[in-house]
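Participant: Below is a structure I'd like to ask you about.
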There are 2 protein chains.
Amino acid sequence: MIKPIACVIVALLCLGTAARAEDGYDLWLRYRPLDASGRAVAAAHATAIVAPGTSPTIAVAVAELRRGFAGMAGETPARVETPIAGSILLATPKEAEALGVTRPDLADLGREGFWLHATRAGGKPITAILANSDIGLLYGAFRLLELQEQGVPADGIDVRSAPKLQLRVLDHWDNLDRTVERGYAGQSIWDWWTLPDWKAPRYTDYARANASIGINGAVLNNVNARPESLTARYIAEAAALADVFRPYGIRVYLSARFSAPIELGGLKTADPLDPAVKAWWKAKADEIYRAIPDFGGFLIKANSEGQPGPQDYHRTHADGANLLAEALKRHGGVVMYRAFVYSEKDSEDRAKQAYSDFKPLDGTFADNVIVQVKNGAIDFQPREPFHPLFGAMPRTPLMMEFQITKEYLGQATHLAYLGPLFAETLDSDTFAHGKGSTVARMIEGAVDPQRLTGMAGVANIGADRDWTGSPFNQANWYAFGRFAWDPEGSAKDYADEWARMTFTPDPRFVVPAVDIMMRSREAVVDYMTPLGLAHQMATGSHYGPGPWVSDLTRPEWNPVYYAKADANGIGFDRTATGSDAIAQYAPALARRLADPATTPESELLWFHHLSWDRRMASGRILWDELVAHYDRGVAEVGAMQRDWSALAPYVDADRFAKTTIFLAIQQREAQWWRDASIAWFQSLSHRPLPPGSRAPAHSLGWYRALDFPYAPGH
Amino acid sequence: MIKPIACVIVALLCLGTAARAEDGYDLWLRYRPLDASGRAVAAAHATAIVAPGTSPTIAVAVAELRRGFAGMAGETPARVETPIAGSILLATPKEAEALGVTRPDLADLGREGFWLHATRAGGKPITAILANSDIGLLYGAFRLLELQEQGVPADGIDVRSAPKLQLRVLDHWDNLDRTVERGYAGQSIWDWWTLPDWKAPRYTDYARANASIGINGAVLNNVNARPESLTARYIAEAAALADVFRPYGIRVYLSARFSAPIELGGLKTADPLDPAVKAWWKAKADEIYRAIPDFGGFLIKANSEGQPGPQDYHRTHADGANLLAEALKRHGGVVMYRAFVYSEKDSEDRAKQAYSDFKPLDGTFADNVIVQVKNGAIDFQPREPFHPLFGAMPRTPLMMEFQITKEYLGQATHLAYLGPLFAETLDSDTFAHGKGSTVARMIEGAVDPQRLTGMAGVANIGADRDWTGSPFNQANWYAFGRFAWDPEGSAKDYADEWARMTFTPDPRFVVPAVDIMMRSREAVVDYMTPLGLAHQMATGSHYGPGPWVSDLTRPEWNPVYYAKADANGIGFDRTATGSDAIAQYAPALARRLADPATTPESELLWFHHLSWDRRMASGRILWDELVAHYDRGVAEVGAMQRDWSALAPYVDADRFAKTTIFLAIQQREAQWWRDASIAWFQSLSHRPLPPGSRAPAHSLGWYRALDFPYAPGH
C-alpha cells in the first residue's frame with residue numbers, strides 16, 4: 001500500500017496541469033484528501049462495499065462511495081459479495097438479513113428514508129446503509145460520505161432519516177434559447193441544441209449533486225413556458241435527461257403553457273371544460289409518458305403576468321389545474337399549480353390577490369394537484385412575511401416555492417446565504433390550528449394531513465463552471481435541498497455542513513465562514529429594504545435601487561406602490577384602515593399585526609404606514625432608524641469582508657480571490673443601495689440625517705440616471 | 001527521483017476526483033505525460049531554465065515551460081542564473097552573449113520571431129530560445145514545448161521562425177449581453193457583468209492559448225457594435241482584459257459604432273468631415289489610451305447590413321476610415337476597416353459591390369488603416385472563390401478576414417476542419433503581378449509592399465468548457481493562428497501538430513485523424529453547396545437547408561438569388577453575359593473564368609449559369625453530377641464516422657463519445673441537406689435521379705416546413 005500522504009505529494013509532483021485549481025465544479029462533493037486522523041477514520045469504513053442490489057441506482061451509489069473514499073482516504077474499496085470487517089453494506093431489510101444482519105425495522109422510513117449505523121454482519125463489524133428502496137440507499141451513501149468528511153468514527157454513526165416532504169423539486173426558469181430568466185450563472189445547463197443525442201457529463205454531475213441533498217425532481221423549463229416544450233422534439237430531449245437522472249431518483253417535470261392546445265393542437269380554445277381540450281391534454285400526457293414512463297408532471301403558471309389560463313374562459317384555477325390533473329392521473333403524474341397570480345385590472349392590494357383567488361377553491365382541486373405558493377405574497381423579496389395562504393387551505397396540499405436564484409438579493413455577486421430566509425418562513429407560526437402551526441408543519445401535512453407535500457426552489461444553476469456564479473451561491477442550492485428534506489432543520493447546521501464539505505472541515509475556517517453566512521442575508525435586508533420595505537429594485541433587471549420608479553403602467557409594478565412614502569411617513573397600511581391584508585391571517589396573528597406596537601419591526605412597514613417621527617424601540621424616530629438600518633447593512637458587508645480576509649490560509653487561491661472580489665463589489669453596491677435609497681427618501685421626508693450618518697455620495701439625480709441595459713437574467 | 005511511470009500510476013490511484021476527465025479545457029496545451037522515450041528526450045532539456053529578462057512576459061514564458069515539462073516529463077525545471085548542461089536559455093542576443101553564447105544575428109526575425117536551437121553556453125550544451133524581444137521568447141517557448149510533445153531530441157532542434165503578418169487578430173462577435181452573434185460554443189467568455197473587478201482565470205488561459213499560436217490581437221466586441229462599448233464603463237472592462245493579455249503579447253481592439261458621436265456625444269451628426277465629430281473621436285481615443293496605453297485600435301463595419309457609416313453623409317469609406325485613423329494615429333493605433341459592404345438599394349451583383357466601392361479608393365487611406373476583406377465576396381460560404389479585392393488595391397494594405405466559427409459549415413456539431421478552406425484562398429493566384437501573386441503573398445506585402453499586414457479570424461470561442469463547442473472545432477482556432485503566422489503554411493501540417501498535442505502523438509491516431517480532418521470540409525461543400533453553389537442555408541439561423549427561400553425583402557438575402565435555378569439550368573452568370581463580376585479579377589484569371597470549360601468545376605456555378613444537361617468532366621450531365629456530389633458528401637460523413645470509430649483505443653472516453661455523437665448528428669444532417677436540396681432542385685429540373693441515387697426521404701413540403709426558432713447564434 002502506498003502511504004496516503006506520499007500519494008498527495010507524488011500526485012502533485014507528477015500531474016502538473018492535471019492537478020487543477022479549485023474552480024467550484026465539484027461543489028460539496030469534492031472528496032479531497034482528509035488529514036491523517038480523518039483518513040484513519042475513513043479507512044475503517046473503506047475495506048470493501050457489499051451491495052446485493054443490481055439496479056442502476058445501486059451502481060451509482062457504489063460508484064459514489066468508491067469515488068468518495070478514493071478521494072478522501074486514498075483507497076478505493078472493492079465491491080465484494082460478502083461482508084468483511086470494516087465493510088459498508090448497502091441493503092434493503094431483506095437483503096441485509098440474508099447477509100447476517102439482524103432484520104431491521106424500517107417501517108417509519110418510507111420509500112426514501114435510510115438508516116445508517118454501525119452494526120455487525122455475520123459477526124463482523126460493518127457500517128450498514130439500510131433502506132426500503134435503492135434510492136434510500138443512495139441517499140444513505142451520500143450521507144455516509146458527508147460523515148466521513150466530518151471525521152465521524154464508524155462506531156459513532158447512527159443516523160435515521162427520512163424526508164418530511166415528498167416532492168423536493170428544482171424549478172429551472174430556463175428558456176429554449178438557453179437564456180435563463182433570473183439566471184446569473186451563465187446559460188442554461190440544458191443544451192437543447194445537442195440534446196437528445198449528446199448527454200453532456202455535466203447532466204450526470206447535476207443529478208449527483210441533487211441526489212446528494214435529496215432533491216428528487218427537476219422542472220426543466222421556465223414557468224413562462226413556450227408551447228414548443230411540449231412538442232415531440234423537446235419531449236425527446238426531456239426524455240434523454242430523464243434517462244440520465246433516473247438512477248439518481250430524480251423525475252423530470254415540464255412547465256406547460258395553458259394555451260398549448262391552441263398553439264400546438266390547432267384548437268380554437270383552451271377552455272378547461274371543453275371536451276376537445278381535455279382530449280388534447282390527455283393525448284399529450286400519453287405521448288409524454290410513452291417517452292418518459294416516470295414523468296413527474298406539469299408545473300403551471302396561469303393567468304399571471306401575461307400567461308394564459310383558465311380565467312381567460314371564465315373558469316377557475318381549480319378548473320385549470322384539474323384539467324391537467326385528469327390527463328396525468330392514470331400515469332401517476334402531478335400538477336404543481338402556482339398561486340403566484342395578480343390581476344392586470346384588480347386594484348386590490350397585490351399582496352391579497354392570490355389568497356382571494358385561491359382560498360375559495362379550497363377542497364376543489366383533484367387528488368394529484370398541489371398548489372405551489374411562494375414564501376411571501378409579493379415576490380421573493382429579501383424579507384417578506386409568510387404567505388397568508390399557508391394555513392388558509394386545510395383541504396388543499398400547498399407546496400412551498402422558494403427562490404434560490406437571488407433575483408432580489410444581489411444576484412450573482414452578493415454573498416447572501418438564504419438559509420435564514422428559508423428558515424424564517426418555515427418557522428413562522430400561522431396559528432392556523434393554534435400556536436405551533438408553523439409553515440413547516442403546514443406544508444409537511446403535520447397539521448392538516450395532506451396526500452401530497454413538497455417544496456420547490458427556483459434554481460440558481462447555470463452553465464458557469466461553478467454552477468451558481470459564485471462559491472457561496474452553491475450554499476443556497478445545498479440549503480434548499482436540506483430544507484426540502486427537513487423543513488424544520490437549522491439554517492446554521494446546513495451552512496456548517498456545506499462549508500466543511502465545500503472548503504475544509506478546519507474549524508478555524510468553518511466557524512467564521514458560517515458566521516459570515518448567517519449574518520449575510522440580514523445585511524442585504526438592511527442595505528436594500530429594511531424595516532419591512534419591499535420591491536424597491538430597479539425596473540426589469542431588479543438590479544440596484546429604484547425606489548423612485550413610479551411610471552410603469554401597472555401600479556403594483558412600481559416601487560413607490562410598496563413604500564408609499566411621502567412627506568409625512570412611509571409604509572403600506574395593510575390593517576383595517578388600509579388594504580386589510582392582515583385579515584387573511586389567522587385571527588391570533590392578525591390581531592398582533594393590527595398594532596404597530598406588536599408587529600415585529602423587521603416587518604413594520606410591510607403592514608403599517610407610519611410617521612417619519614414615530615418613536616421606535618431603539619428610542620430613535622422612524623426616519624433615523626431607517627437610516628441606521630441602511631448604515632448597518634453597509635457596515636455588515638465591511639465586517640464580512642474583514643472576516644473573510646482572515647480566512648486566506650484555509651482557502652485555495654482561486655475561490656478566495658473570487659469571493660474577495662465579489663465582496664468588494666457587494667461593499668460598493670451596498671453603499672450605492674444605501675446612498676440612493678436615502679437620497680430618495682430624504683427628498684420626501686425632508687429630515688436631516690442623524691448625527692454620524694454621511695450624506696449620499698451623489699445627488700438623487702445621479703442615482704436616478706444610472707442605467708444597466710445589459711444586466712443579465714431578464 | 002520518482003520514476004515517471006510510477007508517478008502516473010500513483011497519481012491516478014491517489015487523486016480520485018482530481019484526475020478529471022478530458023473535457024477539452026486544456027486545448028492543445030495539455031502537457032500530459034509522455035511515453036518513456038519522450039520523457040527521456042524532454043528530460044534532456046529540462047535540467048533548468050535560464051532567463052535573464054525580468055518582464056511579465058518572461059515570467060509567463062518561464063512558468064509555461066515549467067508547467068509543460070512538469071506535465072510531460074514529470075519534472076519541473078528550476079529557474080537558475082547560469083546555464084548548466086541541458087538547460088533552456090531564453091535570451092535576447094545581448095543577454096545570450098553575456099551568458100557565453102556566441103552572439104546570434106537575429107536581424108531577419110523582427111520583433112516577434114525567434115530562433116530555437118541546440119547550442120552551447122560557456123561550453124555547456126543547452127537549448128537556446130533567442131529573440132529580439134521578450135514576446136519572441138514566449139513564442140519560442142511555446143514552440144519548444146510543441147517539439148517536446150513531438151519527441152524531437154534536443155540536439156535536433158533548429159527552428160527559425162518569424163511571422164509573415166503583423167496583425168494576427170481574433171474578432172469576437174460578442175455582445176454586451178453575453179450573447180455571441182454566430183457563436184455556437186455558449187455565451188461570450190467576457191463576463192461584462194463582473195468585469196473589471198473579477199478577472200476570471202479563464203481570461204489568462206485564453207491569452208496563453210492565443211500566444212501559443214502567435215495571435216497578438218483580440219477585438220472584444222461584435223462588429224455590429226453597440227455605442228456603449230465606447231463608454232467609460234466598458235473601456236475600463238477592456239482595460240482589465242488588456243492587463244491580463246499584455247504579458248502574452250495580445251493587444252485589445254474594440255469595434256466602434258460609426259454613429260457613436262451622436263449616441264454618446266450628443267452631436268447632431270457623425271459626418272467624418274465635421275470638426276466636432278473629429279474632435280469627439282480624438283477625445284474618445286485619448287480617453288481609451290489613458291486606460292489602455294497599448295490599445296490596438298478600432299474595427300469598423302460601416303454602411304453594411306444596417307450599420308451607420310460615412311455614406312450616410314455622402315462621404316467615402318476612406319473618409320470614414322481616415323477619421324478614426326487620425327484619432328488613433330498619435331497613439332500608434334490602427335483602423336481595421338471592413339470591406340464587407342453591400343447596398344440596400346443597389347441591384348448590382350452583391351459579389352461585385354465591395355470591389356466597386358473600395359477599388360476606386362485605393363491609395364486614399366491613411367497610413368494606419370488596413371482594409372479587412374473577407375476571403376470571398378459573399379459571406380464565409382463552405383467554398384468561395386477568393387475576393388477580387390485581393391490584388392486589386394496595390395496601394396492599400398488588405399487584411400484577410402476568415403470566419404473560424406462555422407456559421408455556414410455545420411455550426412457546433414459538424415466536423416469541418418477549415419485548414420483546407422483557409423489554404424485554398426491563400427494559395428489562390430490573383431495574377432495581379434503575373435503568376436505566383438497568390439493571395440497569401442498579396443496580404444504579406446510580398447508583391448506590393450505594405451506598411452501594415454494582417455489576418456483576422458471571427459472567433460469560435462465561447463464559455464463552453466471546451467471553448468469551441470466540440471473537440472475538433474478547436475483545430476480551426478489553432479489552424480487560424482498558424483496561418484496568420486505563416487499564410488503559406490500547410491493545412492495538413494497544422495492539423496497534424498494540433499492532433500498530436502490535443503490527443504496523442506501516436507501515429508495510429510494521428511494519421512487517420514488528420515485524414516478525417518483533411519476530407520471533412522470538402523464533405524460539407526458536397527452535401528451543402530457543391531459545384532460552386534452558395535448561400536443555400538435557411539434564413540436567419542443559417543442552420544440547415546433553405547434553397548427554396550425567395551420571400552426576403554432584399555433579393556440578395558434569398559438563396560434563390562445565388563442558385564438561379566429553373567427548368568433549364570442552374571448557376572449565377574458572372575461572365576460578360578451576366579453580372580460580369582469576373583472582370584474584377586486580373587485579366588489572366590478573368591479570361592480563364594469566362595469559359596466554363598476552363599473554370600474549375602468546384603466553382604462552376606458561382607461563375608456560370610448552365611444547362612442541367614451540360615456534359616461534365618466525369619461524362620455525367622450537370623444534374624447527375626450535382627446529385628453525385630450530394631451523395632458523395634453524405635457518403636464521406638459515413639466514412640468519417642467509420643474511421644473515427646476505429647480510433648477508440650487512442651482517445652479518452654469523453655472526447656471520443658462526444659465526437660462520435662456529433663458525427664452521428666452530422667450524418668443525419670448531411671442526409672437532410674442532400675435530401676432537401678435534391679427535392680428542391682428536382683422540382684425545378686424535372687429530371688430523374690441517376691441510377692443508384694435514392695429519392696429524398698420526405699416530400700419537399702416536409703423539408704420546407706421545418707423550423708428552428710431557437711437555433712443558437714443569431
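The way I read the labels, and the way they are meant: chains A, B, ... in the order of the C-alpha cells, residue 1 as the first residue of every chain, and ligand 1 as the first ligand shown, with later ones counted on from there.
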Pick out the residues sitting within 10 Å of Val223 in chain A, and hand them over as a PyMOL selection string; count only C-alpha atoms, and ignore anything fewer than 2 positions along from it in its own chain.

Facilitator: chain A and resi 171-175+181+219-221+225-226+254-257+298-302+307+338

Participant: Set the distance at 8 Å and use only C-alpha atoms: which residues neighbour Leu145 in chain A once local chain neighbours fewer than 6 positions away are removed? I'd like the list as a PDB file with all heavy atoms, in the first residue's frame.

Facilitator:
ATOM      1  N   LEU A  65     -19.522   5.900  -3.567  1.00  0.00           N
ATOM      2  CA  LEU A  65     -18.742   5.538  -2.379  1.00  0.00           C
ATOM      3  C   LEU A  65     -17.280   5.292  -2.753  1.00  0.00           C
ATOM      4  O   LEU A  65     -16.363   5.712  -2.041  1.00  0.00           O
ATOM      5  CB  LEU A  65     -19.341   4.295  -1.722  1.00  0.00           C
ATOM      6  CG  LEU A  65     -20.670   4.507  -0.975  1.00  0.00           C
ATOM      7  CD1 LEU A  65     -21.304   3.162  -0.623  1.00  0.00           C
ATOM      8  CD2 LEU A  65     -20.467   5.359   0.283  1.00  0.00           C
ATOM      9  N   GLY A  68     -15.690   8.611  -3.483  1.00  0.00           N
ATOM     10  CA  GLY A  68     -15.523   9.399  -2.265  1.00  0.00           C
ATOM     11  C   GLY A  68     -14.378   8.894  -1.407  1.00  0.00           C
ATOM     12  O   GLY A  68     -13.517   9.672  -0.970  1.00  0.00           O
ATOM     13  N   PHE A  69     -14.332   7.593  -1.181  1.00  0.00           N
ATOM     14  CA  PHE A  69     -13.256   7.064  -0.335  1.00  0.00           C
ATOM     15  C   PHE A  69     -11.908   7.146  -1.046  1.00  0.00           C
ATOM     16  O   PHE A  69     -10.883   7.374  -0.408  1.00  0.00           O
ATOM     17  CB  PHE A  69     -13.577   5.634   0.115  1.00  0.00           C
ATOM     18  CG  PHE A  69     -14.553   5.615   1.258  1.00  0.00           C
ATOM     19  CD1 PHE A  69     -15.894   5.339   1.051  1.00  0.00           C
ATOM     20  CD2 PHE A  69     -14.131   5.920   2.549  1.00  0.00           C
ATOM     21  CE1 PHE A  69     -16.793   5.348   2.107  1.00  0.00           C
ATOM     22  CE2 PHE A  69     -15.020   5.935   3.615  1.00  0.00           C
ATOM     23  CZ  PHE A  69     -16.364   5.650   3.394  1.00  0.00           C
TER      24      PHE A  69
END

Participant: Skipping near chain neighbours, those fewer than 3 positions away, what residues fall within 8 Å of His629 in chain B using only C-alpha atoms, listed as a PyMOL selection string?

Facilitator: chain B and resi 526-527+530-531+625-626+632-633

Participant: Would you mind telling me which residue in A:Asp464, A:Glu112, A:Glu287, A:Glu326 lies nearest to chain B when using only C-alpha atoms?

Facilitator: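 Counting only C-alpha atoms, the residue closest to chain B is A:Asp464.
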
Participant: If you run DSSP on the backbone here, which positions in range 342-456 of chain A get strand (DSSP E or B)? Please write them as a list in words.

Facilitator: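 Here are the strand (DSSP E or B) residues of range 342-456 of chain A: Val369, Ile370, Val371, Gln372, Val373, Lys374, Leu398, Met399, Met400, Glu401, Phe402, Gln403, Asp429, Ala432, Gly434, Thr438, Gly454, Met455 and Ala456 of chain A.
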
Participant: Please report the interatomic distance between CA of Asp573 in chain B and CA of Phe607 in chain B in Å with one decimal.

Facilitator: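 Distance between the two atoms: 5.3 Å.
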
Participant: Between B:Gly151, B:Pro93, B:Gly183, B:Pro712, single out the one closest to Arg39 in chain B, counting only C-alpha atoms.

Facilitator: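 When distances to Arg39 in chain B are compared using only C-alpha atoms, the smallest one comes from B:Gly151.
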
Participant: Pick out the residues sitting within 10 Å of Glu64 in chain B, and hand them over as a PyMOL selection string; count only C-alpha atoms, and ignore anything fewer than 2 positions along from it in its own chain.

Facilitator: chain B and resi 29+58-62+66-70+138+141-142+145+208+212

Participant: Okay, now the selection with all heavy atoms, as a short mmCIF file (atom, residue, chain, number, x, y, z; two decimals), in the first residue's frame?

Facilitator:
data_model
loop_
_atom_site.label_atom_id
_atom_site.label_comp_id
_atom_site.auth_asym_id
_atom_site.auth_seq_id
_atom_site.Cartn_x
_atom_site.Cartn_y
_atom_site.Cartn_z
N LEU B 29 -2.74 22.51 -25.18
CA LEU B 29 -1.70 22.74 -24.16
C LEU B 29 -1.88 21.77 -23.01
O LEU B 29 -1.88 22.15 -21.84
CB LEU B 29 -1.77 24.19 -23.68
CG LEU B 29 -1.63 25.25 -24.78
CD1 LEU B 29 -1.85 26.65 -24.22
CD2 LEU B 29 -0.25 25.15 -25.44
N ILE B 58 8.50 37.41 -19.72
CA ILE B 58 9.49 36.38 -19.39
C ILE B 58 8.95 35.51 -18.26
O ILE B 58 9.08 34.27 -18.27
CB ILE B 58 10.82 37.03 -18.99
CG1 ILE B 58 11.46 37.70 -20.21
CG2 ILE B 58 11.78 36.01 -18.38
CD1 ILE B 58 11.81 36.74 -21.34
N ALA B 59 8.29 36.13 -17.30
CA ALA B 59 7.74 35.34 -16.19
C ALA B 59 6.73 34.31 -16.68
O ALA B 59 6.74 33.16 -16.26
CB ALA B 59 7.10 36.28 -15.15
N VAL B 60 5.87 34.70 -17.61
CA VAL B 60 4.88 33.72 -18.08
C VAL B 60 5.54 32.69 -18.99
O VAL B 60 5.12 31.52 -19.00
CB VAL B 60 3.65 34.38 -18.76
CG1 VAL B 60 2.93 35.31 -17.79
CG2 VAL B 60 3.99 35.10 -20.04
N ALA B 61 6.58 33.08 -19.71
CA ALA B 61 7.29 32.10 -20.55
C ALA B 61 7.95 31.03 -19.67
O ALA B 61 7.86 29.83 -19.96
CB ALA B 61 8.33 32.79 -21.42
N VAL B 62 8.59 31.48 -18.61
CA VAL B 62 9.24 30.51 -17.71
C VAL B 62 8.17 29.63 -17.04
O VAL B 62 8.32 28.41 -16.94
CB VAL B 62 10.08 31.26 -16.65
CG1 VAL B 62 10.57 30.30 -15.57
CG2 VAL B 62 11.27 31.96 -17.33
N ARG B 66 7.89 25.56 -17.27
CA ARG B 66 7.86 24.72 -16.06
C ARG B 66 6.62 23.85 -16.03
O ARG B 66 6.67 22.65 -15.75
CB ARG B 66 7.94 25.60 -14.81
CG ARG B 66 9.33 26.23 -14.60
CD ARG B 66 9.31 27.35 -13.56
NE ARG B 66 8.81 26.92 -12.28
CZ ARG B 66 9.55 26.40 -11.29
NH1 ARG B 66 10.86 26.24 -11.46
NH2 ARG B 66 9.00 26.04 -10.16
N ARG B 67 5.51 24.46 -16.35
CA ARG B 67 4.26 23.71 -16.40
C ARG B 67 4.32 22.59 -17.43
O ARG B 67 3.90 21.46 -17.19
CB ARG B 67 3.16 24.71 -16.75
CG ARG B 67 1.79 24.17 -16.96
CD ARG B 67 0.89 25.37 -17.33
NE ARG B 67 -0.49 24.96 -17.38
CZ ARG B 67 -1.50 25.74 -16.98
NH1 ARG B 67 -1.27 26.96 -16.53
NH2 ARG B 67 -2.74 25.32 -17.05
N GLY B 68 4.82 22.94 -18.60
CA GLY B 68 4.87 21.96 -19.68
C GLY B 68 5.78 20.78 -19.36
O GLY B 68 5.40 19.62 -19.53
N PHE B 69 6.97 21.08 -18.88
CA PHE B 69 7.89 19.97 -18.58
C PHE B 69 7.41 19.19 -17.37
O PHE B 69 7.59 17.97 -17.31
CB PHE B 69 9.31 20.49 -18.40
CG PHE B 69 9.99 20.77 -19.71
CD1 PHE B 69 10.11 22.05 -20.20
CD2 PHE B 69 10.48 19.71 -20.47
CE1 PHE B 69 10.71 22.30 -21.42
CE2 PHE B 69 11.09 19.95 -21.70
CZ PHE B 69 11.20 21.25 -22.18
N ALA B 70 6.80 19.86 -16.40
CA ALA B 70 6.25 19.12 -15.26
C ALA B 70 5.22 18.11 -15.75
O ALA B 70 5.19 16.95 -15.31
CB ALA B 70 5.61 20.10 -14.27
N LEU B 138 8.65 34.26 -25.72
CA LEU B 138 7.47 33.49 -25.31
C LEU B 138 7.00 32.60 -26.46
O LEU B 138 6.69 31.42 -26.26
CB LEU B 138 6.34 34.45 -24.89
CG LEU B 138 5.02 33.77 -24.50
CD1 LEU B 138 5.20 32.85 -23.30
CD2 LEU B 138 3.93 34.81 -24.22
N ALA B 141 9.21 29.71 -26.61
CA ALA B 141 8.98 28.75 -25.52
C ALA B 141 7.81 27.81 -25.87
O ALA B 141 7.88 26.59 -25.67
CB ALA B 141 8.69 29.50 -24.22
N PHE B 142 6.75 28.39 -26.41
CA PHE B 142 5.62 27.54 -26.81
C PHE B 142 6.04 26.56 -27.90
O PHE B 142 5.64 25.40 -27.90
CB PHE B 142 4.44 28.39 -27.27
CG PHE B 142 3.57 28.89 -26.15
CD1 PHE B 142 3.51 30.24 -25.83
CD2 PHE B 142 2.80 28.00 -25.41
CE1 PHE B 142 2.71 30.70 -24.79
CE2 PHE B 142 1.99 28.45 -24.37
CZ PHE B 142 1.94 29.80 -24.05
N LEU B 145 7.92 23.66 -26.46
CA LEU B 145 7.02 22.70 -25.81
C LEU B 145 6.33 21.82 -26.85
O LEU B 145 6.15 20.61 -26.64
CB LEU B 145 5.99 23.44 -24.95
CG LEU B 145 6.58 24.06 -23.68
CD1 LEU B 145 5.61 25.09 -23.07
CD2 LEU B 145 6.92 22.97 -22.66
N ARG B 208 -3.02 32.56 -22.98
CA ARG B 208 -1.99 31.52 -23.17
C ARG B 208 -2.21 30.79 -24.48
O ARG B 208 -1.28 30.57 -25.26
CB ARG B 208 -2.05 30.49 -22.03
CG ARG B 208 -1.51 30.95 -20.70
CD ARG B 208 -1.69 29.86 -19.64
NE ARG B 208 -1.10 28.60 -20.05
CZ ARG B 208 -1.74 27.43 -20.08
NH1 ARG B 208 -3.01 27.34 -19.71
NH2 ARG B 208 -1.11 26.35 -20.46
N SER B 212 0.26 30.87 -27.72
CA SER B 212 0.91 29.63 -28.14
C SER B 212 0.86 29.46 -29.65
O SER B 212 1.65 28.69 -30.21
CB SER B 212 0.26 28.43 -27.45
OG SER B 212 -0.97 28.09 -28.07
#

Participant: Using DSSP assignments from the backbone, pull out every residue in range 474-536 of chain A that falls under helix (DSSP H, G or I) and give it to me as an NGL selection string.

Facilitator: :A and (474-485 or 491-502 or 507-528 or 530-532)

Participant: Would you list the contacts of Phe483 in chain A as number ranges by chain, taking every protein, DNA or RNA residue within 10 Å and counting only C-alpha atoms, but skipping same-chain residues closer than 2 positions in sequence?

Facilitator: A: 163-165, 168, 213-214, 419, 422-423, 426, 440, 455, 478-481, 485-491, 494

Participant: Write a file of the just-selected residues containing N, CA and C atoms, as a JSON list (two decimals), in the first residue's frame.

Facilitator:
[["chain", "number", "residue", "atom", "x", "y", "z"],
["A", 163, "PRO", "N", -37.26, 11.86, 4.50],
["A", 163, "PRO", "CA", -37.71, 13.20, 4.12],
["A", 163, "PRO", "C", -39.12, 13.49, 4.63],
["A", 164, "LYS", "N", -39.33, 14.71, 5.05],
["A", 164, "LYS", "CA", -40.65, 15.11, 5.55],
["A", 164, "LYS", "C", -41.56, 15.62, 4.44],
["A", 165, "LEU", "N", -40.98, 15.82, 3.27],
["A", 165, "LEU", "CA", -41.77, 16.26, 2.11],
["A", 165, "LEU", "C", -41.55, 15.28, 0.97],
["A", 168, "ARG", "N", -39.47, 17.25, -3.82],
["A", 168, "ARG", "CA", -38.36, 18.16, -3.49],
["A", 168, "ARG", "C", -37.73, 18.56, -4.83],
["A", 213, "ILE", "N", -28.31, 15.76, -1.87],
["A", 213, "ILE", "CA", -29.07, 16.54, -0.89],
["A", 213, "ILE", "C", -30.56, 16.21, -0.96],
["A", 214, "GLY", "N", -30.89, 15.12, -1.62],
["A", 214, "GLY", "CA", -32.27, 14.62, -1.56],
["A", 214, "GLY", "C", -33.25, 15.24, -2.52],
["A", 419, "GLY", "N", -30.31, 30.43, 3.82],
["A", 419, "GLY", "CA", -30.82, 29.53, 4.87],
["A", 419, "GLY", "C", -31.69, 30.26, 5.88],
["A", 422, "PHE", "N", -35.09, 31.05, 4.32],
["A", 422, "PHE", "CA", -35.94, 29.86, 4.25],
["A", 422, "PHE", "C", -36.49, 29.52, 5.64],
["A", 423, "ALA", "N", -35.59, 29.51, 6.62],
["A", 423, "ALA", "CA", -35.99, 29.10, 7.98],
["A", 423, "ALA", "C", -37.01, 30.07, 8.57],
["A", 426, "LEU", "N", -40.31, 29.16, 7.18],
["A", 426, "LEU", "CA", -40.76, 27.83, 7.62],
["A", 426, "LEU", "C", -41.09, 27.82, 9.11],
["A", 440, "ALA", "N", -43.73, 25.29, 8.27],
["A", 440, "ALA", "CA", -43.09, 24.00, 8.02],
["A", 440, "ALA", "C", -44.07, 22.85, 8.27],
["A", 455, "MET", "N", -41.75, 20.94, -1.77],
["A", 455, "MET", "CA", -41.08, 22.24, -1.75],
["A", 455, "MET", "C", -40.37, 22.41, -3.09],
["A", 478, "TYR", "N", -27.57, 24.01, -1.81],
["A", 478, "TYR", "CA", -27.42, 22.98, -0.77],
["A", 478, "TYR", "C", -28.49, 23.12, 0.32],
["A", 479, "ALA", "N", -28.61, 24.33, 0.84],
["A", 479, "ALA", "CA", -29.56, 24.53, 1.94],
["A", 479, "ALA", "C", -30.99, 24.26, 1.48],
["A", 480, "PHE", "N", -31.30, 24.64, 0.25],
["A", 480, "PHE", "CA", -32.64, 24.35, -0.24],
["A", 480, "PHE", "C", -32.92, 22.85, -0.17],
["A", 481, "GLY", "N", -31.97, 22.06, -0.66],
["A", 481, "GLY", "CA", -32.17, 20.60, -0.63],
["A", 481, "GLY", "C", -32.37, 20.09, 0.78],
["A", 485, "TRP", "N", -35.79, 18.40, 2.49],
["A", 485, "TRP", "CA", -35.77, 17.10, 3.18],
["A", 485, "TRP", "C", -36.34, 17.25, 4.59],
["A", 486, "ASP", "N", -35.92, 18.30, 5.27],
["A", 486, "ASP", "CA", -36.41, 18.56, 6.63],
["A", 486, "ASP", "C", -36.66, 20.06, 6.83],
["A", 487, "PRO", "N", -37.90, 20.47, 6.62],
["A", 487, "PRO", "CA", -38.21, 21.90, 6.75],
["A", 487, "PRO", "C", -38.03, 22.44, 8.16],
["A", 488, "GLU", "N", -37.87, 21.54, 9.10],
["A", 488, "GLU", "CA", -37.68, 22.01, 10.48],
["A", 488, "GLU", "C", -36.20, 22.03, 10.86],
["A", 489, "GLY", "N", -35.35, 21.85, 9.89],
["A", 489, "GLY", "CA", -33.92, 21.84, 10.17],
["A", 489, "GLY", "C", -33.37, 23.22, 10.47],
["A", 490, "SER", "N", -32.06, 23.27, 10.65],
["A", 490, "SER", "CA", -31.43, 24.50, 11.08],
["A", 490, "SER", "C", -30.56, 25.09, 9.97],
["A", 491, "ALA", "N", -30.80, 26.35, 9.68],
["A", 491, "ALA", "CA", -30.01, 27.02, 8.64],
["A", 491, "ALA", "C", -28.53, 27.01, 8.99],
["A", 494, "TYR", "N", -27.01, 23.56, 8.33],
["A", 494, "TYR", "CA", -26.81, 23.31, 6.90],
["A", 494, "TYR", "C", -25.61, 24.12, 6.38]]

Participant: I'd like the neighbourhood of Ala121 in chain A as a ChimeraX atom specification, where a residue qualifies if any of its atoms comes within 8 Å (using only C-alpha atoms), though same-chain residues fewer than 5 positions away should be ignored.

Facilitator: /A:83,99-102,126
